[in-house]
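Asks: Below are the structure tokens for one structure; questions will follow.
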Amino acid sequence: MPIYEFECRACGAALEALRRMGQGPEGLECPRCGGTDLVQKLSSFATSAGSAPSCSTSPTCGAGGGGGGG
Ligand SMILES: [Zn+2]
């Protein structure tokens, strides 16, 4: 599970928590003020999506002819 960062809207404290994909800050509370009004912050690795192909590290994904050696 990836670690997401949240920020308390009440006091501005930041906290990290393990969340499932698409799961919000439900169930979390601010460690400083105990508030539950948290907003998810954008993680740095979340911007990994780019021009890279969907499968670059998977060796079994290179289907489509056996051309191109070397
Ligand atoms: Zn707080």
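Naming works like this for the structure tokens: A, B, ... for the chains as they're shown, residue 1 at the start of each chain, ligands 1 onward in shown order.
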Taking only C-alpha atoms and all ligand atoms and a cut-off of 8 Å, can you tell me which residues surround ligand 1, written as a PDB file with N, CA and C atoms, in the first residue's frame?

Replies:
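Writing the result to pocket-v8.pdb gives the following:
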```
ATOM      1  N   GLU A   7      -3.189  16.665   4.990  1.00  0.00           N
ATOM      2  CA  GLU A   7      -2.974  17.904   5.720  1.00  0.00           C
ATOM      3  C   GLU A   7      -4.245  18.300   6.441  1.00  0.00           C
ATOM      4  N   CYS A   8      -4.074  18.670   7.676  1.00  0.00           N
ATOM      5  CA  CYS A   8      -5.218  19.068   8.475  1.00  0.00           C
ATOM      6  C   CYS A   8      -5.630  20.491   8.091  1.00  0.00           C
ATOM      7  N   ARG A   9      -6.882  20.640   7.798  1.00  0.00           N
ATOM      8  CA  ARG A   9      -7.352  21.965   7.393  1.00  0.00           C
ATOM      9  C   ARG A   9      -7.590  22.855   8.596  1.00  0.00           C
ATOM     10  N   ALA A  10      -7.627  22.251   9.744  1.00  0.00           N
ATOM     11  CA  ALA A  10      -7.881  23.024  10.949  1.00  0.00           C
ATOM     12  C   ALA A  10      -6.614  23.711  11.451  1.00  0.00           C
ATOM     13  N   CYS A  11      -5.539  22.918  11.552  1.00  0.00           N
ATOM     14  CA  CYS A  11      -4.309  23.473  12.106  1.00  0.00           C
ATOM     15  C   CYS A  11      -3.165  23.435  11.097  1.00  0.00           C
ATOM     16  N   GLY A  12      -3.361  22.734  10.006  1.00  0.00           N
ATOM     17  CA  GLY A  12      -2.334  22.721   8.972  1.00  0.00           C
ATOM     18  C   GLY A  12      -1.265  21.667   9.187  1.00  0.00           C
ATOM     19  N   ALA A  13      -1.469  20.797  10.158  1.00  0.00           N
ATOM     20  CA  ALA A  13      -0.489  19.752  10.425  1.00  0.00           C
ATOM     21  C   ALA A  13      -0.513  18.710   9.310  1.00  0.00           C
ATOM     22  N   GLU A  29      -7.359  10.970  11.690  1.00  0.00           N
ATOM     23  CA  GLU A  29      -7.562  12.178  12.467  1.00  0.00           C
ATOM     24  C   GLU A  29      -6.229  12.872  12.689  1.00  0.00           C
ATOM     25  N   CYS A  30      -6.301  14.161  12.837  1.00  0.00           N
ATOM     26  CA  CYS A  30      -5.095  14.945  13.009  1.00  0.00           C
ATOM     27  C   CYS A  30      -4.421  14.598  14.340  1.00  0.00           C
ATOM     28  N   PRO A  31      -3.135  14.301  14.279  1.00  0.00           N
ATOM     29  CA  PRO A  31      -2.392  13.949  15.508  1.00  0.00           C
ATOM     30  C   PRO A  31      -2.168  15.155  16.407  1.00  0.00           C
ATOM     31  N   ARG A  32      -2.410  16.326  15.877  1.00  0.00           N
ATOM     32  CA  ARG A  32      -2.153  17.538  16.658  1.00  0.00           C
ATOM     33  C   ARG A  32      -3.408  18.059  17.333  1.00  0.00           C
ATOM     34  N   CYS A  33      -4.453  18.217  16.534  1.00  0.00           N
ATOM     35  CA  CYS A  33      -5.672  18.792  17.097  1.00  0.00           C
ATOM     36  C   CYS A  33      -6.821  17.786  17.144  1.00  0.00           C
ATOM     37  N   GLY A  34      -6.614  16.637  16.498  1.00  0.00           N
ATOM     38  CA  GLY A  34      -7.649  15.609  16.554  1.00  0.00           C
ATOM     39  C   GLY A  34      -8.762  15.837  15.557  1.00  0.00           C
ATOM     40  N   GLY A  35      -8.584  16.808  14.684  1.00  0.00           N
ATOM     41  CA  GLY A  35      -9.606  17.095  13.689  1.00  0.00           C
ATOM     42  C   GLY A  35      -9.653  16.022  12.618  1.00  0.00           C
ATOM     43  N   THR A  36     -10.782  15.909  11.980  1.00  0.00           N
ATOM     44  CA  THR A  36     -10.932  14.897  10.940  1.00  0.00           C
ATOM     45  C   THR A  36     -11.121  15.547   9.570  1.00  0.00           C
ATOM     46  N   ASP A  37     -10.975  16.835   9.533  1.00  0.00           N
ATOM     47  CA  ASP A  37     -11.109  17.531   8.257  1.00  0.00           C
ATOM     48  C   ASP A  37      -9.739  17.561   7.565  1.00  0.00           C
TER      49      ASP A  37
END
```

Asks: Would you mind telling me which residue in A:Leu28, A:Ala17, A:Tyr4, A:Gly22 lies nearest to Leu42 in chain A when using only C-alpha atoms?

Replies: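 For Leu42 in chain A, the nearest of the given residues is A:Tyr4.
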
Asks: I need the residues in range 3-36 of chain A that are strand (DSSP E or B) according to DSSP; give them as a ChimeraX atom specification.

Replies: /A:3-8,14-18
